[in-house]
Amino acid sequence: MQEPDEKKAVLNICQDHDNRPEDLVEILHSVQDLAGFLSDEALREIASCINLTRAEVHGVVSFYHDFRRAPSGKTVVKICLAEACQAVGCDALKEHATQALSIDMGQTSSGDEVSLEPVYCLGNCALGPAVMINGNLHGRVTPEKLDALVSEADS
Amino acid sequence: MSTVTVFVPKDAAAISVGADDVAAALSQEAQNRGIDINLIRNGSRGLLWLEPLVEVETPSGRVAFGPVARGDIVSLFDADFLSAGDHVLGHGLTEDIPYLANQERLTFVRCGVADPLDLGAYETQGGLVGLKKALELESTAITEEVTLSGLRGRGGAGFPAGIKWETVRKEVAEQKYICCNADEGDSGTFADRMLIEGDPFVLLEGMVIAGRAVGADTGYIYIRSEYPYAIRTLTDAVSRFEQAGLLGENILGSGQAFAIHIRVGAGAYICGEESSMLESLEGKRGQVRAKPPIPAISGLFGKPTVVNNVLTLATVPYVLANGGKTYSEYGQGKSLGTQPFQLAGDIARGGLVEKVFGVTLRELIEGFGGGTRSGRPVRTAQVGGPLGAYIPESAFDVHMDYESLSGSDAMLGHGGVVVFNDSVDMARQARFAMEFCEIESCGKCTPCRIGSVRGKETLDKIIAGADVEKNLAVLDDLCVLMTDGSLCAMGGLTPMPVTSALKHFPEDFGSARQAVE
Ligand SMILES: Cc1cc2nc3c(=O)[nH]c(=O)nc-3n(C[C@H](O)[C@H](O)[C@H](O)COP(=O)(O)O)c2cc1C
Ligand code: SF4
């Protein structure tokens, strides 16, 4: 996205919220949905629109796991690592994914293809291991199924 | 042949194992064969191991087939499944499947029955009766009915709903709020999600009743971002309620006003804690507030606020429609009514089991759940989410109600049951409890913020076999400190899974402990 466009888009989003500071979390969601991540410029713009300090905005951004300060890969793979999925082998699934992509959890593969992220519960606890790929939920995911899903999402 | 109605769930769990594919293939195959079907995307019945569960409406009732894969569609048609023909995936009448037949569905009575966004079907099946009654009652009469029902908060703390409502009702303020907690962060739980995706109107109805009872005209639903399917269904449900005049300035001509706003979380477990949720709703870091004041007196934006879990609010329409006394006749002692239990982890028949309080853990895991999915022996179950105790198989006869569980140093929480087989390493599970607290702590108080890090490091040493005896003593100390010194239950209950693992499975914590015991 080009910079002046982004600036305008951020202004519009803040305006949609009447520049209310209590809407900060929602504003951050909207800006991230649009731009893919929260850039320094976007945060500066948001802070000035809703009349908070940049430190205050940063405090909120850094508190929540969802908000990213750098772009993600084209495909975002969230692997549930919570107890119900542990009970059915999510650790092995995680090992497989990190090895296959040669990255750690929380990293993005070279060429910005795939980001691997841990998540603690997707609410699919009876059908684990659970994985969410670009917002789509998958259950009983084996290493083979994960490979197929990732290459499908990537293509 | 007249048009047959076929149901394929659009619940996220069903979709996760192929329900969308199955629905598409079904329509296609029907078309290929020149058969007219009426395909309805319903919620899930909660028999999740059978998902995608396809149901066919027949003169004798709905007949179930599952788990159906795309590749089964042709053979289903060949077997004339539209006339309840025999098929290996057939289970007969849905209502007669023992898993469902042996439940007491009050909160989930409609879940999975119809298209969740079909308001007409909602009303035909008993929806809006509670609201209509409430609109004719004085506010005190509503809170009294809820108190009489014995309904307690289903989010974890189990506080009586009627008493909370009455506190907010008595406050004098120009603005009050109803906040629905749909943050459902506990691993092993999915009842809130299933209800929102399967019968969202009942939650909205419950919130309007709550507003009427306490004198609030504005409600918020705080739903976690990990639930995109539920967010979409809920958003649609709110607009349909608005269009039907069930939200707005003058609900059903009663003069009662109520609006509902949806707010999406941002991936923080602690935001399920009510004061952290309120901070987040105000656009801030989700840092826990010190109590007092309680939210009922000073909650969202400092105003009197009811904070209730999805299931608590969604049970209120039943209470109003059938009377608090009827609801209270289910259950025992101070655990009245029903609890939607969620069977998860390594379990053969995972899903949602709404039962009267007092069912044993063994009945849930062995009777309903059928043991492990892997076929290995069950070793333990974690009950009540990541802050809940690990209960050993030998203690599965415990009754699942608030008092019996707390008497066993455990807790009900949000009703999640996560089953582990004999390959589980309990020292690693204890370590994870500390690690999870480290990741999700709001950082406000030291016992939780630092204690969890120390706890994880200490468990690493124990797992590595270094000075096991000494480190176990350090761990015990830390657990006492966290339990006694934390501001909220995040730090305060993280020791529960740790100490329960230590107590029941000492053999997993290094040779030294084994020698001592
Ligand atoms: C760490 C922590 C997480 C919590 N998460 C949730 C949650 O996800 N959903 C919920 O309803 N209650 C949760 N609670 C309980 C809430 O603080 C609060 O008791 C509840 O929302 C009140 O509603 P209820 O009385 O209807 O249960 C959590 C509490 C703590 C300490
Ligand atoms: S116990 Fe943990 S989560 Fe709770 S207030 Fe303290 S630091 Fe925050």
# chains A, B, ... in the order shown; residues from 1 in each chain; ligands from 1
>>> interface_residues(of="chain A", to="chain B", cutoff="7 Å", atoms="only C-alpha atoms", output="ChimeraX atom specification")
/A:21-25,59-60,63-66,82-85,87-88,121-126,128,137-139
>>> closest_atom_pairs(of="chain B", to="ligand 1", cutoff="8 Å", atoms="only C-alpha atoms and all ligand atoms", output="Markdown table")
| residue | atom | partner | partner_atom_place_in_ligand_line | distance |
| --- | --- | --- | --- | --- |
| B:Arg152 | CA | ligand 1 | 25 (O) | 6.4 |
| B:Gly153 | CA | ligand 1 | 25 (O) | 3.2 |
| B:Arg154 | CA | ligand 1 | 27 (O) | 4.2 |
| B:Gly155 | CA | ligand 1 | 27 (O) | 3.3 |
| B:Gly156 | CA | ligand 1 | 15 (C) | 5.1 |
| B:Ala157 | CA | ligand 1 | 19 (O) | 4.8 |
| B:Gly158 | CA | ligand 1 | 27 (O) | 5.6 |
| B:Phe159 | CA | ligand 1 | 25 (O) | 5.1 |
| B:Pro160 | CA | ligand 1 | 25 (O) | 6.9 |
| B:Ala161 | CA | ligand 1 | 25 (O) | 6.1 |
| B:Lys164 | CA | ligand 1 | 25 (O) | 8.0 |
| B:Cys180 | CA | ligand 1 | 21 (O) | 7.5 |
| B:Asn181 | CA | ligand 1 | 11 (O) | 4.6 |
| B:Ala182 | CA | ligand 1 | 9 (N) | 5.7 |
| B:Asp183 | CA | ligand 1 | 8 (O) | 4.1 |
| B:Glu184 | CA | ligand 1 | 8 (O) | 3.5 |
| B:Gly185 | CA | ligand 1 | 8 (O) | 4.5 |
| B:Asp186 | CA | ligand 1 | 8 (O) | 6.4 |
| B:Tyr269 | CA | ligand 1 | 3 (C) | 6.3 |
| B:Ile270 | CA | ligand 1 | 1 (C) | 4.8 |
| B:Cys271 | CA | ligand 1 | 3 (C) | 6.7 |
| B:Gly272 | CA | ligand 1 | 5 (N) | 3.3 |
| B:Glu273 | CA | ligand 1 | 17 (O) | 3.5 |
| B:Glu274 | CA | ligand 1 | 17 (O) | 3.9 |
| B:Ser275 | CA | ligand 1 | 17 (O) | 6.9 |
| B:Val307 | CA | ligand 1 | 23 (O) | 5.3 |
| B:Asn308 | CA | ligand 1 | 26 (O) | 3.3 |
| B:Asn309 | CA | ligand 1 | 11 (O) | 3.7 |
| B:Val310 | CA | ligand 1 | 11 (O) | 6.5 |
| B:Leu311 | CA | ligand 1 | 26 (O) | 7.1 |
| B:Thr312 | CA | ligand 1 | 26 (O) | 4.8 |
| B:Leu313 | CA | ligand 1 | 26 (O) | 7.0 |
| B:Leu387 | CA | ligand 1 | 1 (C) | 7.9 |
| B:His414 | CA | ligand 1 | 10 (C) | 7.4 |
| B:Cys488 | CA | ligand 1 | 31 (C) | 5.6 |
| B:Ala489 | CA | ligand 1 | 31 (C) | 4.1 |
| B:Met490 | CA | ligand 1 | 1 (C) | 4.2 |
| B:Gly491 | CA | ligand 1 | 1 (C) | 7.9 |
>>> write_last_selection(atoms="N, CA, C and O atoms", output="compact mmCIF listing (two decimals), in the first residue's frame")
# COMPACT_ATOMS: atom_id res chain seq x y z
N ARG B 152 -26.24 -20.23 38.48
CA ARG B 152 -24.96 -19.64 38.84
C ARG B 152 -24.14 -19.40 37.58
O ARG B 152 -24.36 -20.03 36.56
N GLY B 153 -23.20 -18.46 37.69
CA GLY B 153 -22.40 -18.08 36.54
C GLY B 153 -21.67 -19.28 35.95
O GLY B 153 -21.02 -20.03 36.66
N ARG B 154 -21.79 -19.45 34.64
CA ARG B 154 -21.17 -20.59 33.98
C ARG B 154 -19.78 -20.26 33.43
O ARG B 154 -19.17 -21.09 32.76
N GLY B 155 -19.30 -19.05 33.71
CA GLY B 155 -17.99 -18.66 33.18
C GLY B 155 -16.83 -19.21 33.99
O GLY B 155 -15.70 -19.22 33.51
N GLY B 156 -17.09 -19.65 35.20
CA GLY B 156 -16.00 -20.20 35.99
C GLY B 156 -16.16 -19.97 37.48
O GLY B 156 -15.96 -20.87 38.29
N ALA B 157 -16.56 -18.75 37.86
CA ALA B 157 -16.58 -18.44 39.29
C ALA B 157 -17.85 -18.94 39.98
O ALA B 157 -17.88 -19.11 41.19
N GLY B 158 -18.91 -19.17 39.21
CA GLY B 158 -20.11 -19.76 39.78
C GLY B 158 -20.90 -18.86 40.71
O GLY B 158 -21.62 -19.33 41.60
N PHE B 159 -20.82 -17.56 40.50
CA PHE B 159 -21.55 -16.63 41.36
C PHE B 159 -23.04 -16.63 40.97
O PHE B 159 -23.37 -16.64 39.78
N PRO B 160 -23.94 -16.62 41.96
CA PRO B 160 -25.38 -16.65 41.64
C PRO B 160 -25.79 -15.46 40.76
O PRO B 160 -25.58 -14.30 41.13
N ALA B 161 -26.39 -15.76 39.62
CA ALA B 161 -26.72 -14.71 38.65
C ALA B 161 -27.75 -13.74 39.20
O ALA B 161 -27.64 -12.52 39.01
N LYS B 164 -26.25 -11.10 41.49
CA LYS B 164 -25.51 -10.10 40.72
C LYS B 164 -26.47 -9.11 40.07
O LYS B 164 -26.30 -7.90 40.14
N CYS B 180 -21.64 -9.36 27.90
CA CYS B 180 -21.59 -10.80 27.75
C CYS B 180 -20.16 -11.23 27.49
O CYS B 180 -19.51 -10.75 26.55
N ASN B 181 -19.70 -12.14 28.32
CA ASN B 181 -18.33 -12.63 28.21
C ASN B 181 -18.29 -13.84 27.27
O ASN B 181 -18.69 -14.94 27.64
N ALA B 182 -17.87 -13.60 26.04
CA ALA B 182 -17.73 -14.68 25.06
C ALA B 182 -16.25 -14.84 24.71
O ALA B 182 -15.90 -15.06 23.55
N ASP B 183 -15.42 -14.72 25.73
CA ASP B 183 -13.98 -14.81 25.46
C ASP B 183 -13.51 -16.27 25.47
O ASP B 183 -12.43 -16.57 24.96
N GLU B 184 -14.28 -17.14 26.06
CA GLU B 184 -14.03 -18.60 26.08
C GLU B 184 -12.60 -19.02 25.73
O GLU B 184 -12.34 -19.65 24.70
N GLY B 185 -11.68 -18.69 26.64
CA GLY B 185 -10.28 -18.98 26.36
C GLY B 185 -9.81 -20.35 26.80
O GLY B 185 -8.76 -20.82 26.35
N ASP B 186 -10.56 -21.01 27.69
CA ASP B 186 -10.09 -22.29 28.24
C ASP B 186 -9.95 -23.34 27.16
O ASP B 186 -10.91 -23.61 26.42
N TYR B 269 -5.76 -14.23 26.67
CA TYR B 269 -6.55 -15.10 27.55
C TYR B 269 -7.09 -14.33 28.75
O TYR B 269 -8.24 -14.52 29.16
N ILE B 270 -6.26 -13.43 29.28
CA ILE B 270 -6.66 -12.73 30.51
C ILE B 270 -7.90 -11.87 30.28
O ILE B 270 -8.63 -11.57 31.23
N CYS B 271 -8.20 -11.50 29.04
CA CYS B 271 -9.38 -10.67 28.79
C CYS B 271 -10.68 -11.42 29.03
O CYS B 271 -11.76 -10.85 28.93
N GLY B 272 -10.61 -12.70 29.39
CA GLY B 272 -11.80 -13.40 29.86
C GLY B 272 -12.08 -13.09 31.32
O GLY B 272 -13.22 -13.23 31.78
N GLU B 273 -11.07 -12.65 32.05
CA GLU B 273 -11.30 -12.20 33.43
C GLU B 273 -12.11 -10.92 33.32
O GLU B 273 -11.79 -10.03 32.53
N GLU B 274 -13.16 -10.81 34.12
CA GLU B 274 -14.15 -9.77 33.83
C GLU B 274 -13.62 -8.34 33.85
O GLU B 274 -13.98 -7.53 32.99
N SER B 275 -12.73 -8.01 34.80
CA SER B 275 -12.29 -6.62 34.85
C SER B 275 -11.31 -6.32 33.73
O SER B 275 -11.27 -5.22 33.17
N VAL B 307 -21.75 -8.51 34.27
CA VAL B 307 -20.90 -9.32 33.40
C VAL B 307 -21.32 -10.76 33.59
O VAL B 307 -21.30 -11.28 34.70
N ASN B 308 -21.76 -11.38 32.51
CA ASN B 308 -22.15 -12.79 32.56
C ASN B 308 -21.59 -13.54 31.36
O ASN B 308 -21.45 -12.99 30.27
N ASN B 309 -21.34 -14.79 31.61
CA ASN B 309 -20.91 -15.70 30.55
C ASN B 309 -22.05 -15.94 29.55
O ASN B 309 -23.23 -15.80 29.88
N VAL B 310 -21.69 -16.36 28.34
CA VAL B 310 -22.66 -16.69 27.30
C VAL B 310 -23.71 -17.67 27.81
O VAL B 310 -24.92 -17.47 27.63
N LEU B 311 -23.26 -18.75 28.47
CA LEU B 311 -24.20 -19.80 28.86
C LEU B 311 -25.14 -19.32 29.96
O LEU B 311 -26.30 -19.74 30.01
N THR B 312 -24.64 -18.47 30.84
CA THR B 312 -25.49 -17.93 31.90
C THR B 312 -26.64 -17.15 31.26
O THR B 312 -27.82 -17.38 31.57
N LEU B 313 -26.29 -16.23 30.37
CA LEU B 313 -27.32 -15.39 29.73
C LEU B 313 -28.24 -16.22 28.85
O LEU B 313 -29.44 -15.98 28.79
N LEU B 387 -6.57 -23.63 34.22
CA LEU B 387 -6.34 -23.36 35.64
C LEU B 387 -6.96 -24.44 36.51
O LEU B 387 -6.99 -24.34 37.73
N HIS B 414 -15.52 -23.75 33.38
CA HIS B 414 -16.51 -23.57 32.32
C HIS B 414 -17.00 -24.94 31.81
O HIS B 414 -17.64 -25.05 30.78
N CYS B 488 -5.51 -11.85 40.85
CA CYS B 488 -6.68 -12.53 40.28
C CYS B 488 -6.41 -14.01 40.14
O CYS B 488 -5.32 -14.50 40.44
N ALA B 489 -7.41 -14.73 39.63
CA ALA B 489 -7.32 -16.19 39.58
C ALA B 489 -6.34 -16.70 38.53
O ALA B 489 -6.02 -17.88 38.51
N MET B 490 -5.86 -15.83 37.65
CA MET B 490 -4.86 -16.30 36.67
C MET B 490 -3.63 -16.79 37.43
O MET B 490 -3.25 -17.95 37.32
N GLY B 491 -3.02 -15.90 38.20
CA GLY B 491 -1.88 -16.31 39.01
C GLY B 491 -2.32 -17.18 40.18
O GLY B 491 -1.62 -18.10 40.59
>>> select_by_dssp(residues="chain A", states="strand (DSSP E)", output="list of chain:residue names")
A:Thr75, A:Val76, A:Val77, A:Lys78, A:Ile79, A:Cys80, A:Val114, A:Ser115, A:Leu116, A:Glu117, A:Pro118, A:Val119, A:Val131, A:Met132, A:Ile133, A:Asn136, A:Leu137, A:His138
>>> write_last_selection(atoms="all heavy atoms", output="CSV table (one decimal), in the first residue's frame")
chain,number,residue,atom,x,y,z
A,75,THR,N,0.4,-16.9,3.7
A,75,THR,CA,-0.4,-17.9,4.4
A,75,THR,C,-0.1,-17.9,5.9
A,75,THR,O,1.1,-18.1,6.2
A,75,THR,CB,-0.1,-19.3,3.8
A,75,THR,OG1,-0.4,-19.3,2.4
A,75,THR,CG2,-1.0,-20.4,4.4
A,76,VAL,N,-1.1,-17.7,6.7
A,76,VAL,CA,-0.9,-17.7,8.1
A,76,VAL,C,-1.4,-19.0,8.7
A,76,VAL,O,-2.6,-19.3,8.6
A,76,VAL,CB,-1.5,-16.5,8.8
A,76,VAL,CG1,-1.3,-16.6,10.3
A,76,VAL,CG2,-1.0,-15.2,8.2
A,77,VAL,N,-0.5,-19.8,9.3
A,77,VAL,CA,-0.9,-21.1,9.8
A,77,VAL,C,-0.8,-21.0,11.3
A,77,VAL,O,0.2,-20.8,11.9
A,77,VAL,CB,0.0,-22.2,9.3
A,77,VAL,CG1,-0.3,-23.5,9.9
A,77,VAL,CG2,0.0,-22.3,7.8
A,78,LYS,N,-2.0,-21.1,12.0
A,78,LYS,CA,-2.0,-21.1,13.5
A,78,LYS,C,-2.2,-22.5,14.0
A,78,LYS,O,-3.2,-23.1,13.6
A,78,LYS,CB,-3.1,-20.2,13.9
A,78,LYS,CG,-3.0,-18.7,13.5
A,78,LYS,CD,-4.0,-17.8,14.2
A,78,LYS,CE,-3.8,-16.4,13.7
A,78,LYS,NZ,-4.5,-15.4,14.4
A,79,ILE,N,-1.3,-23.0,14.7
A,79,ILE,CA,-1.4,-24.3,15.3
A,79,ILE,C,-1.8,-24.2,16.8
A,79,ILE,O,-1.1,-23.5,17.5
A,79,ILE,CB,-0.1,-25.1,15.1
A,79,ILE,CG1,0.3,-25.1,13.7
A,79,ILE,CG2,-0.2,-26.5,15.7
A,79,ILE,CD1,1.6,-25.9,13.4
A,80,CYS,N,-2.9,-24.9,17.1
A,80,CYS,CA,-3.2,-24.8,18.5
A,80,CYS,C,-2.3,-25.7,19.4
A,80,CYS,O,-2.0,-26.8,19.1
A,80,CYS,CB,-4.7,-25.4,18.7
A,80,CYS,SG,-5.1,-25.4,20.5
A,114,VAL,N,4.9,-18.4,4.2
A,114,VAL,CA,4.1,-19.0,5.3
A,114,VAL,C,4.5,-18.4,6.6
A,114,VAL,O,5.7,-18.4,6.9
A,114,VAL,CB,4.2,-20.5,5.3
A,114,VAL,CG1,3.3,-21.1,6.3
A,114,VAL,CG2,3.8,-21.1,3.9
A,115,SER,N,3.6,-18.0,7.4
A,115,SER,CA,3.9,-17.7,8.8
A,115,SER,C,3.3,-18.8,9.7
A,115,SER,O,2.2,-19.2,9.5
A,115,SER,CB,3.2,-16.3,9.2
A,115,SER,OG,3.8,-15.3,8.5
A,116,LEU,N,4.1,-19.2,10.7
A,116,LEU,CA,3.6,-20.2,11.6
A,116,LEU,C,3.4,-19.5,13.0
A,116,LEU,O,4.3,-18.8,13.5
A,116,LEU,CB,4.7,-21.2,11.9
A,116,LEU,CG,4.8,-22.5,11.0
A,116,LEU,CD1,5.9,-23.4,11.5
A,116,LEU,CD2,3.4,-23.2,11.0
A,117,GLU,N,2.2,-19.7,13.5
A,117,GLU,CA,1.9,-19.0,14.8
A,117,GLU,C,1.3,-20.0,15.8
A,117,GLU,O,0.5,-20.8,15.4
A,117,GLU,CB,1.0,-17.8,14.6
A,117,GLU,CG,1.6,-16.8,13.8
A,117,GLU,CD,0.7,-15.6,13.5
A,117,GLU,OE1,-0.5,-15.6,13.9
A,117,GLU,OE2,1.2,-14.6,12.8
A,118,PRO,N,1.7,-19.9,17.1
A,118,PRO,CA,1.0,-20.7,18.1
A,118,PRO,C,-0.3,-20.0,18.4
A,118,PRO,O,-0.4,-18.8,18.3
A,118,PRO,CB,2.0,-20.6,19.3
A,118,PRO,CG,2.7,-19.3,19.1
A,118,PRO,CD,2.8,-19.0,17.6
A,119,VAL,N,-1.3,-20.8,18.8
A,119,VAL,CA,-2.5,-20.2,19.3
A,119,VAL,C,-3.0,-21.1,20.4
A,119,VAL,O,-2.7,-22.3,20.4
A,119,VAL,CB,-3.6,-20.1,18.1
A,119,VAL,CG1,-3.9,-21.5,17.6
A,119,VAL,CG2,-4.8,-19.4,18.6
A,131,VAL,N,-6.1,-26.6,13.6
A,131,VAL,CA,-5.2,-25.6,12.9
A,131,VAL,C,-6.1,-24.6,12.2
A,131,VAL,O,-7.2,-25.0,11.8
A,131,VAL,CB,-4.3,-26.4,11.9
A,131,VAL,CG1,-3.6,-25.4,11.0
A,131,VAL,CG2,-3.3,-27.2,12.6
A,132,MET,N,-5.7,-23.4,12.2
A,132,MET,CA,-6.5,-22.4,11.4
A,132,MET,C,-5.5,-21.8,10.4
A,132,MET,O,-4.4,-21.3,10.6
A,132,MET,CB,-7.0,-21.3,12.3
A,132,MET,CG,-7.9,-20.3,11.6
A,132,MET,SD,-8.8,-19.2,12.7
A,132,MET,CE,-10.3,-20.2,13.1
A,133,ILE,N,-6.0,-21.9,9.1
A,133,ILE,CA,-5.2,-21.4,8.0
A,133,ILE,C,-5.9,-20.3,7.3
A,133,ILE,O,-7.0,-20.5,6.8
A,133,ILE,CB,-4.8,-22.6,7.0
A,133,ILE,CG1,-4.1,-23.7,7.8
A,133,ILE,CG2,-4.0,-22.0,5.8
A,133,ILE,CD1,-3.7,-24.9,6.9
A,136,ASN,N,-9.5,-20.2,8.2
A,136,ASN,CA,-10.3,-21.4,8.0
A,136,ASN,C,-9.9,-22.4,9.0
A,136,ASN,O,-8.7,-22.7,9.1
A,136,ASN,CB,-10.2,-21.9,6.6
A,136,ASN,CG,-10.8,-21.0,5.6
A,136,ASN,OD1,-11.8,-20.4,5.8
A,136,ASN,ND2,-10.0,-20.7,4.5
A,137,LEU,N,-10.8,-23.0,9.7
A,137,LEU,CA,-10.6,-24.0,10.8
A,137,LEU,C,-10.5,-25.4,10.2
A,137,LEU,O,-11.3,-25.8,9.4
A,137,LEU,CB,-11.7,-23.9,11.8
A,137,LEU,CG,-11.5,-24.8,13.1
A,137,LEU,CD1,-10.3,-24.4,13.9
A,137,LEU,CD2,-12.8,-24.7,13.9
A,138,HIS,N,-9.5,-26.1,10.7
A,138,HIS,CA,-9.3,-27.5,10.3
A,138,HIS,C,-9.2,-28.4,11.6
A,138,HIS,O,-8.6,-28.0,12.5
A,138,HIS,CB,-8.1,-27.7,9.4
A,138,HIS,CG,-8.2,-26.9,8.2
A,138,HIS,ND1,-8.9,-27.3,7.1
A,138,HIS,CD2,-7.7,-25.7,7.9
A,138,HIS,CE1,-8.9,-26.3,6.1
A,138,HIS,NE2,-8.1,-25.3,6.6
>>> atom_distance(atom1="atom CA of B:Thr5", atom2="atom CA of B:Cys111")
17.4 Å
>>> select_by_dssp(residues="stretch 395-493 of chain B", states="alpha helix (DSSP H)", output="count of residues only")
62
>>> residues_around(residues="stretch 122-133 of chain B", least_positions_apart="5", cutoff="8 Å", atoms="only C-alpha atoms", output="count of residues only")
16
>>> closest_residue(among="B:Val359, B:Glu366, B:Arg431, B:Lys291", to="ligand 2", atoms="only C-alpha atoms and all ligand atoms")
B:Lys291
>>> residues_around(residues="B:Thr458", least_positions_apart="5", cutoff="8 Å", atoms="only C-alpha atoms", output="number ranges by chain")
B: 471-472, 474-475
>>> closest_residue(among="B:Arg376, B:Thr494, B:Thr326, B:Val288", to="ligand 2", atoms="only C-alpha atoms and all ligand atoms")
B:Val288
>>> closest_residue(among="B:Ile178, B:Leu204, B:Leu247, B:Leu137", to="B:Gly219", atoms="only C-alpha atoms")
B:Ile178
